[in-house]
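A.B. asks: File query-v3.cif below, mmCIF, C-alpha atoms and all ligand atoms:
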```cif
data_model
loop_
_atom_site.label_atom_id
_atom_site.label_comp_id
_atom_site.auth_asym_id
_atom_site.auth_seq_id
_atom_site.Cartn_x
_atom_site.Cartn_y
_atom_site.Cartn_z
CA MET G 15 11.30 -5.96 -25.94
CA ALA G 16 8.93 -5.37 -23.07
CA VAL G 17 8.32 -2.11 -21.22
CA VAL G 18 7.26 -2.82 -17.64
CA VAL G 19 5.20 0.03 -16.19
CA GLY G 20 6.01 -0.24 -12.51
CA SER G 21 3.39 1.87 -10.75
CA ASN G 22 -0.25 0.92 -10.30
CA ARG G 23 -1.26 3.65 -7.85
CA GLU G 24 -4.68 5.23 -8.20
CA GLY G 25 -4.14 8.60 -9.90
CA ARG G 26 -0.61 7.62 -10.93
CA PHE G 27 1.55 9.80 -13.18
CA GLY G 28 3.19 6.74 -14.76
CA PRO G 29 1.10 6.65 -17.97
CA VAL G 30 2.36 10.10 -19.00
CA VAL G 31 5.98 8.97 -18.76
CA ALA G 32 5.10 5.61 -20.32
CA ALA G 33 3.56 7.32 -23.36
CA TRP G 34 6.66 9.50 -23.75
CA LEU G 35 8.89 6.45 -23.50
CA LEU G 36 6.85 4.35 -25.95
CA ARG G 37 7.07 7.11 -28.56
CA HIS G 38 10.87 6.93 -28.29
CA VAL G 39 11.00 3.14 -28.37
CA ARG G 40 8.77 2.99 -31.45
CA ASP G 41 10.91 5.62 -33.21
CA HIS G 42 14.09 3.66 -32.48
CA ALA G 43 15.03 1.15 -35.15
CA GLY G 44 15.07 -2.47 -34.18
CA PHE G 45 12.57 -2.79 -31.35
CA GLU G 46 9.15 -4.38 -31.33
CA VAL G 47 7.51 -3.47 -28.07
CA ASP G 48 5.11 -5.18 -25.68
CA VAL G 49 3.79 -3.35 -22.62
CA VAL G 50 3.37 -4.97 -19.21
CA ASP G 51 1.37 -2.45 -17.21
CA LEU G 52 1.17 -3.52 -13.57
CA ALA G 53 -2.13 -1.67 -13.23
CA ASP G 54 -3.63 -4.36 -15.45
CA VAL G 55 -2.29 -7.26 -13.40
CA ASP G 56 -3.40 -8.41 -9.97
CA LEU G 57 -0.80 -10.84 -8.72
CA PRO G 58 -0.98 -11.95 -5.07
CA THR G 59 2.03 -11.19 -2.86
CA SER G 60 2.06 -14.77 -1.59
CA LEU G 61 4.14 -16.70 -4.09
CA SER G 62 3.10 -20.25 -4.86
CA TYR G 63 4.42 -23.22 -6.83
CA ARG G 64 0.78 -24.24 -7.35
CA PRO G 65 -0.96 -20.96 -8.21
CA SER G 66 -4.74 -20.88 -8.18
CA GLU G 67 -6.70 -20.61 -11.39
CA SER G 68 -7.21 -16.87 -10.88
CA THR G 69 -3.49 -16.35 -10.24
CA ARG G 70 -2.67 -18.38 -13.34
CA ALA G 71 -4.97 -16.08 -15.30
CA GLU G 72 -3.07 -13.05 -13.98
CA LEU G 73 0.29 -14.66 -14.76
CA ALA G 74 -0.92 -15.34 -18.29
CA LYS G 75 -1.13 -11.57 -18.83
CA VAL G 76 2.55 -11.15 -17.94
CA THR G 77 4.69 -14.26 -18.20
CA PRO G 78 4.45 -14.81 -21.98
CA LYS G 79 5.41 -11.19 -22.62
CA LEU G 80 8.42 -11.39 -20.28
CA ALA G 81 9.46 -14.74 -21.75
CA ALA G 82 9.26 -13.48 -25.34
CA ALA G 83 11.17 -10.26 -24.71
CA ASP G 84 14.88 -10.16 -25.44
CA ALA G 85 15.26 -6.82 -23.66
CA PHE G 86 13.38 -4.83 -21.03
CA ILE G 87 12.81 -1.27 -19.99
CA VAL G 88 11.57 -0.93 -16.44
CA LEU G 89 9.72 2.31 -15.84
CA THR G 90 9.74 3.08 -12.15
CA PRO G 91 8.79 5.90 -9.84
CA GLU G 92 10.43 6.33 -6.46
CA TYR G 93 8.42 5.41 -3.38
CA ASN G 94 10.15 5.94 -0.02
CA HIS G 95 13.62 5.88 -1.58
CA SER G 96 12.96 2.67 -3.49
CA TYR G 97 10.71 1.21 -6.16
CA PRO G 98 7.04 0.20 -5.80
CA ALA G 99 6.06 -3.09 -4.21
CA PRO G 100 4.08 -4.38 -7.25
CA LEU G 101 7.28 -4.17 -9.26
CA LYS G 102 9.16 -6.37 -6.76
CA ASN G 103 6.23 -8.73 -6.77
CA VAL G 104 6.20 -9.21 -10.55
CA ILE G 105 9.98 -9.64 -10.54
CA ASP G 106 9.77 -12.32 -7.82
CA TRP G 107 6.97 -14.21 -9.54
CA HIS G 108 9.41 -14.83 -12.40
CA GLY G 109 12.88 -16.27 -12.83
CA PRO G 110 14.21 -17.58 -16.13
CA GLU G 111 12.22 -14.93 -17.99
CA TRP G 112 14.89 -12.41 -16.82
CA HIS G 113 17.96 -14.56 -17.43
CA ALA G 114 20.73 -13.30 -19.72
CA LYS G 115 18.70 -10.33 -20.91
CA PRO G 116 19.45 -6.60 -20.75
CA VAL G 117 17.33 -4.26 -18.64
CA ALA G 118 17.27 -0.46 -18.99
CA PHE G 119 15.56 1.95 -16.62
CA VAL G 120 13.47 5.07 -16.96
CA SER G 121 12.68 6.64 -13.61
CA TYR G 122 10.78 9.55 -12.21
CA GLY G 123 9.91 11.04 -8.88
CA GLY G 124 10.57 14.06 -6.75
CA LEU G 125 14.03 15.50 -6.16
CA SER G 126 15.96 12.33 -6.92
CA GLY G 127 14.21 11.57 -10.19
CA GLY G 128 13.70 7.98 -9.11
CA LEU G 129 17.44 7.23 -9.23
CA ARG G 130 17.38 5.57 -5.81
CA ALA G 131 14.68 3.24 -7.09
CA VAL G 132 16.92 2.35 -10.04
CA GLU G 133 19.93 1.67 -7.83
CA HIS G 134 17.80 -0.72 -5.75
CA LEU G 135 16.65 -2.54 -8.86
CA ARG G 136 20.15 -3.21 -10.18
CA PRO G 137 21.26 -5.78 -7.55
CA VAL G 138 17.83 -7.42 -7.59
CA LEU G 139 18.03 -7.97 -11.34
CA ALA G 140 21.67 -9.09 -11.12
CA GLU G 141 20.46 -11.91 -8.88
CA LEU G 142 18.12 -12.85 -11.73
CA HIS G 143 21.03 -13.09 -14.21
CA ALA G 144 19.97 -9.92 -16.01
CA VAL G 145 22.37 -7.27 -17.30
CA THR G 146 21.46 -3.72 -16.36
CA ILE G 147 22.26 -0.87 -18.72
CA ARG G 148 24.36 2.04 -17.48
CA GLU G 149 22.54 4.85 -19.29
CA THR G 150 19.21 5.86 -17.77
CA VAL G 151 16.57 8.49 -18.29
CA SER G 152 15.33 10.14 -15.12
CA PHE G 153 12.74 12.83 -14.56
CA HIS G 154 13.10 15.04 -11.49
CA ASN G 155 9.84 16.56 -10.27
CA ALA G 156 8.26 14.78 -13.18
CA GLY G 157 4.80 16.29 -12.87
CA ALA G 158 6.10 19.74 -13.81
CA LEU G 159 8.10 18.58 -16.83
CA PHE G 160 5.23 17.52 -19.08
CA ASP G 161 2.40 19.64 -20.45
CA GLU G 162 -1.31 18.70 -20.40
CA ASP G 163 -0.86 16.78 -23.68
CA GLY G 164 1.96 14.70 -22.25
CA ALA G 165 4.66 16.50 -24.25
CA HIS G 166 7.95 17.24 -22.51
CA ARG G 167 8.23 21.02 -22.07
CA ASP G 168 12.00 21.08 -22.73
CA PRO G 169 12.70 17.78 -24.49
CA GLU G 170 16.28 18.09 -25.76
CA ALA G 171 18.20 16.53 -22.86
CA ALA G 172 15.62 13.82 -22.22
CA ASP G 173 15.49 12.92 -25.93
CA ALA G 174 19.29 12.60 -26.01
CA ALA G 175 19.27 10.47 -22.86
CA ALA G 176 16.59 8.21 -24.34
CA LYS G 177 18.60 7.73 -27.53
CA ALA G 178 21.78 6.88 -25.59
CA MET G 179 19.89 4.40 -23.41
CA LEU G 180 18.09 2.75 -26.33
CA ASP G 181 21.31 2.49 -28.36
CA GLN G 182 22.99 0.67 -25.47
CA LEU G 183 19.98 -1.52 -24.86
CA ALA G 184 19.85 -2.49 -28.55
CA TRP G 185 23.56 -3.38 -28.49
CA TRP G 186 23.20 -5.60 -25.43
CA ALA G 187 20.08 -7.23 -26.80
CA TRP G 188 21.91 -8.00 -30.04
CA ALA G 189 25.07 -9.21 -28.23
CA LEU G 190 23.23 -11.50 -25.84
CA ARG G 191 20.96 -12.86 -28.56
CA ALA G 192 24.00 -13.67 -30.71
CA ALA G 193 25.89 -15.23 -27.80
CA LYS G 194 22.94 -17.40 -26.75
CA ARG G 195 22.68 -18.75 -30.31
CA VAL G 196 26.27 -19.94 -30.11
CA ARG G 197 26.15 -21.11 -26.49
CA PRO G 198 22.93 -21.35 -24.47
CA TYR G 199 23.09 -19.52 -21.16
CA GLU G 200 23.45 -21.76 -18.14
CA SER G 201 22.28 -20.46 -14.79
C1 LIG F 1 4.16 6.31 -1.27
C2 LIG F 1 4.98 7.34 -2.00
C3 LIG F 1 6.28 7.56 -1.62
C4 LIG F 1 7.09 8.47 -2.30
N1 LIG F 1 8.38 8.62 -1.96
C5 LIG F 1 9.21 9.38 -2.71
C6 LIG F 1 10.60 9.44 -2.45
O1 LIG F 1 11.11 8.79 -1.54
N2 LIG F 1 11.37 10.21 -3.23
C7 LIG F 1 10.85 10.94 -4.27
O2 LIG F 1 11.60 11.61 -4.96
N3 LIG F 1 9.52 10.93 -4.54
C8 LIG F 1 8.69 10.16 -3.79
N4 LIG F 1 7.37 10.09 -4.07
C9 LIG F 1 6.84 10.88 -5.19
C10 LIG F 1 6.64 9.98 -6.41
O3 LIG F 1 7.86 9.50 -6.93
C11 LIG F 1 5.87 10.72 -7.48
O4 LIG F 1 4.65 11.13 -6.93
C12 LIG F 1 5.60 9.85 -8.70
O5 LIG F 1 4.81 10.57 -9.60
C13 LIG F 1 4.89 8.57 -8.31
O6 LIG F 1 4.63 7.78 -9.42
P1 LIG F 1 3.13 7.38 -9.84
O7 LIG F 1 2.37 8.69 -9.84
O8 LIG F 1 3.23 6.78 -11.20
O9 LIG F 1 2.66 6.44 -8.79
C14 LIG F 1 6.53 9.22 -3.37
C15 LIG F 1 5.18 9.03 -3.72
C16 LIG F 1 4.44 8.09 -3.07
C17 LIG F 1 3.01 7.84 -3.50
#
```
Here is the file; what I need is its structure written in the form of structure tokens.

C.D. replies:
Amino acid sequence: MAVVVGSNREGRFGPVVAAWLLRHVRDHAGFEVDVVDLADVDLPTSLSYRPSESTRAELAKVTPKLAAADAFIVLTPEYNHSYPAPLKNVIDWHGPEWHAKPVAFVSYGGLSGGLRAVEHLRPVLAELHAVTIRETVSFHNAGALFDEDGAHRDPEAADAAAKAMLDQLAWWAWALRAAKRVRPYES
């Protein structure tokens, strides 16, 4: 599975939530995890069927990980009631890499906990033949929830939400993998 870290803002809070999430993914049976951190990728916003050498080098950091994953978790903050532009950009640069795969969301932000960002991502990923997972983990006023070591100050509810989400994601990953073995997905 691949965890896509959706913010690349200077001074971003994303890595704290990403570290929390990765601890849970690694503790959950059945997932091998790759990280696609959009801060490490510099894709142009102008899409091209004939990308330049430098763009191909950037795509090489991402595309193989997305292609190999049989499930995704998208970690997104909320920017202006939606999700960050680099996340839309990396989604649009790809196509079949998303097809017939499950996508779960972990979100964070201010009052809404990033839930509006998640609801904007669902129809986008449906267009890419992905299956989005109902259960989410969201962090309201995220900055206040974690201590200086990145530990959640009151972890019980978030831990339970992570387990529920990962259980569902594992089921969908298994179900779609098994189905595709019997009958390849046609888009
Ligand atoms: C450009 C921008 C717009 C934002 N808009 C919202 C918003 O609409 N709703 C919200 O709850 N938080 C909003 N926030 C707060 C962010 O969700 C919060 O700062 C979060 O930590 C950002 O993620 P990052 O630090 O990983 O970039 C916004 C922050 C930025 C930088």

A.B. asks: Hey, which bits of region 74-116 of chain G sit within 9 Å of region 49-63 of chain G, and for each residue what's the closest pair of atoms and how far apart in Å (one decimal), counting all atoms listed in the file, rows by chain and increasing number, as a tab-separated table?

C.D. replies:
```
residue	atom	partner	partner_atom	distance
G:Lys75	CA	G:Val55	CA	7.0
G:Val76	CA	G:Val50	CA	6.4
G:Lys79	CA	G:Val50	CA	7.4
G:Leu80	CA	G:Val50	CA	8.2
G:Pro100	CA	G:Leu52	CA	7.0
G:Leu101	CA	G:Leu52	CA	7.5
G:Asn103	CA	G:Thr59	CA	6.2
G:Val104	CA	G:Leu57	CA	7.4
G:Asp106	CA	G:Leu61	CA	8.0
G:Trp107	CA	G:Leu61	CA	6.6
```

A.B. asks: Name each residue within 12 Å of ligand LIG 1 (chain F), counting only C-alpha atoms and all ligand atoms, as a compact mmCIF listing (two decimals) with C-alpha atoms, in the frame of the given file.

C.D. replies:
```txt
# COMPACT_ATOMS: atom_id res chain seq x y z
CA VAL G 19 5.20 0.03 -16.19
CA GLY G 20 6.01 -0.24 -12.51
CA SER G 21 3.39 1.87 -10.75
CA ASN G 22 -0.25 0.92 -10.30
CA ARG G 23 -1.26 3.65 -7.85
CA GLU G 24 -4.68 5.23 -8.20
CA GLY G 25 -4.14 8.60 -9.90
CA ARG G 26 -0.61 7.62 -10.93
CA PHE G 27 1.55 9.80 -13.18
CA GLY G 28 3.19 6.74 -14.76
CA PRO G 29 1.10 6.65 -17.97
CA VAL G 30 2.36 10.10 -19.00
CA VAL G 31 5.98 8.97 -18.76
CA ALA G 32 5.10 5.61 -20.32
CA ASP G 51 1.37 -2.45 -17.21
CA LEU G 52 1.17 -3.52 -13.57
CA ALA G 53 -2.13 -1.67 -13.23
CA LEU G 89 9.72 2.31 -15.84
CA THR G 90 9.74 3.08 -12.15
CA PRO G 91 8.79 5.90 -9.84
CA GLU G 92 10.43 6.33 -6.46
CA TYR G 93 8.42 5.41 -3.38
CA ASN G 94 10.15 5.94 -0.02
CA HIS G 95 13.62 5.88 -1.58
CA SER G 96 12.96 2.67 -3.49
CA TYR G 97 10.71 1.21 -6.16
CA PRO G 98 7.04 0.20 -5.80
CA ALA G 99 6.06 -3.09 -4.21
CA PRO G 100 4.08 -4.38 -7.25
CA LEU G 101 7.28 -4.17 -9.26
CA VAL G 120 13.47 5.07 -16.96
CA SER G 121 12.68 6.64 -13.61
CA TYR G 122 10.78 9.55 -12.21
CA GLY G 123 9.91 11.04 -8.88
CA GLY G 124 10.57 14.06 -6.75
CA LEU G 125 14.03 15.50 -6.16
CA SER G 126 15.96 12.33 -6.92
CA GLY G 127 14.21 11.57 -10.19
CA GLY G 128 13.70 7.98 -9.11
CA LEU G 129 17.44 7.23 -9.23
CA ARG G 130 17.38 5.57 -5.81
CA ALA G 131 14.68 3.24 -7.09
CA VAL G 132 16.92 2.35 -10.04
CA SER G 152 15.33 10.14 -15.12
CA PHE G 153 12.74 12.83 -14.56
CA HIS G 154 13.10 15.04 -11.49
CA ASN G 155 9.84 16.56 -10.27
CA ALA G 156 8.26 14.78 -13.18
CA GLY G 157 4.80 16.29 -12.87
CA ALA G 158 6.10 19.74 -13.81
CA LEU G 159 8.10 18.58 -16.83
CA PHE G 160 5.23 17.52 -19.08
```

A.B. asks: Kindly indicate which residue among G:Ala165, G:Ala114, G:Ala82, G:Leu35 lies nearest to Ala193 (chain G), using all atoms listed in the file for the distances.

C.D. replies: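 That would be G:Ala114, the residue with the smallest distance to Ala193 (chain G).
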
A.B. asks: Would you list the contacts of Ala189 (chain G) as a PyMOL selection string, taking every protein, DNA or RNA residue within 12 Å and counting all atoms listed in the file, but skipping same-chain residues closer than 2 positions in sequence?

C.D. replies: chain G and resi 84-85+114-116+145+182-187+191-196

A.B. asks: Taking C-alpha atoms for each residue, export the selection above as a PDB file, in the frame of the given file.

C.D. replies:
```pdb
ATOM      1  CA  ASP G  84      14.880 -10.160 -25.440  1.00  0.00           C
ATOM      2  CA  ALA G  85      15.260  -6.820 -23.660  1.00  0.00           C
ATOM      3  CA  ALA G 114      20.730 -13.300 -19.720  1.00  0.00           C
ATOM      4  CA  LYS G 115      18.700 -10.330 -20.910  1.00  0.00           C
ATOM      5  CA  PRO G 116      19.450  -6.600 -20.750  1.00  0.00           C
ATOM      6  CA  VAL G 145      22.370  -7.270 -17.300  1.00  0.00           C
ATOM      7  CA  GLN G 182      22.990   0.670 -25.470  1.00  0.00           C
ATOM      8  CA  LEU G 183      19.980  -1.520 -24.860  1.00  0.00           C
ATOM      9  CA  ALA G 184      19.850  -2.490 -28.550  1.00  0.00           C
ATOM     10  CA  TRP G 185      23.560  -3.380 -28.490  1.00  0.00           C
ATOM     11  CA  TRP G 186      23.200  -5.600 -25.430  1.00  0.00           C
ATOM     12  CA  ALA G 187      20.080  -7.230 -26.800  1.00  0.00           C
ATOM     13  CA  ARG G 191      20.960 -12.860 -28.560  1.00  0.00           C
ATOM     14  CA  ALA G 192      24.000 -13.670 -30.710  1.00  0.00           C
ATOM     15  CA  ALA G 193      25.890 -15.230 -27.800  1.00  0.00           C
ATOM     16  CA  LYS G 194      22.940 -17.400 -26.750  1.00  0.00           C
ATOM     17  CA  ARG G 195      22.680 -18.750 -30.310  1.00  0.00           C
ATOM     18  CA  VAL G 196      26.270 -19.940 -30.110  1.00  0.00           C
TER      19      VAL G 196
END
```

A.B. asks: So that I can see what lies close to Phe45 (chain G), please list as a list in words the residues with an atom at most 12 Å from it, counting all atoms listed in the file and leaving out residues fewer than 5 positions away in the same chain.

C.D. replies: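 Near neighbours after the sequence-gap exclusion: Met15, Ala16, Val17, Leu36, Arg37, His38, Val39, Arg40, Ala83, Asp84, Ala85, Phe86, Ile87, Leu180, Asp181, Leu183, Ala184, Trp185, Ala187 and Trp188 of chain G.
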
A.B. asks: In Å, how far is it from CA of Glu141 (chain G) to CA of Ala71 (chain G)?

C.D. replies: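 Pair CA of Glu141 (chain G) / CA of Ala71 (chain G) returns 26.6 Å.
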
A.B. asks: What is the distance between CA of Ile105 (chain G) and CA of His143 (chain G), in Å to one decimal?

C.D. replies: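 Answer for the CA of Ile105 (chain G) to CA of His143 (chain G) separation: 12.1 Å.
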
A.B. asks: Which of these, G:Arg70, G:Leu142, G:Asp48, G:Val88, has the shortest distance to His108 (chain G) once you count only C-alpha atoms?

C.D. replies: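 Of G:Arg70, G:Leu142, G:Asp48, G:Val88, the one nearest His108 (chain G), counting only C-alpha atoms, is G:Leu142.
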
A.B. asks: Rounded to one decimal place, report the CA of Val117 (chain G)-CA of Ala175 (chain G) distance in Å.

C.D. replies: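 Going from CA of Val117 (chain G) over to CA of Ala175 (chain G) covers 15.4 Å.
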
A.B. asks: Hey, which of G:Trp34, G:His113, G:Thr69, G:His42 ends up closest to Glu200 (chain G)? Count only C-alpha atoms.

C.D. replies: G:His113

A.B. asks: Find the residues near Ala81 (chain G): any atom within 6 Å, counting all atoms listed in the file, skip ones fewer than 3 places away on the same chain, and give them as number ranges by chain.

C.D. replies: G: 77-78, 111

A.B. asks: Output C-alpha atoms for every residue in that selection, as a PDB file, in the coordinates of the input.

C.D. replies:
```pdb
ATOM      1  CA  THR G  77       4.690 -14.260 -18.200  1.00  0.00           C
ATOM      2  CA  PRO G  78       4.450 -14.810 -21.980  1.00  0.00           C
ATOM      3  CA  GLU G 111      12.220 -14.930 -17.990  1.00  0.00           C
TER       4      GLU G 111
END
```
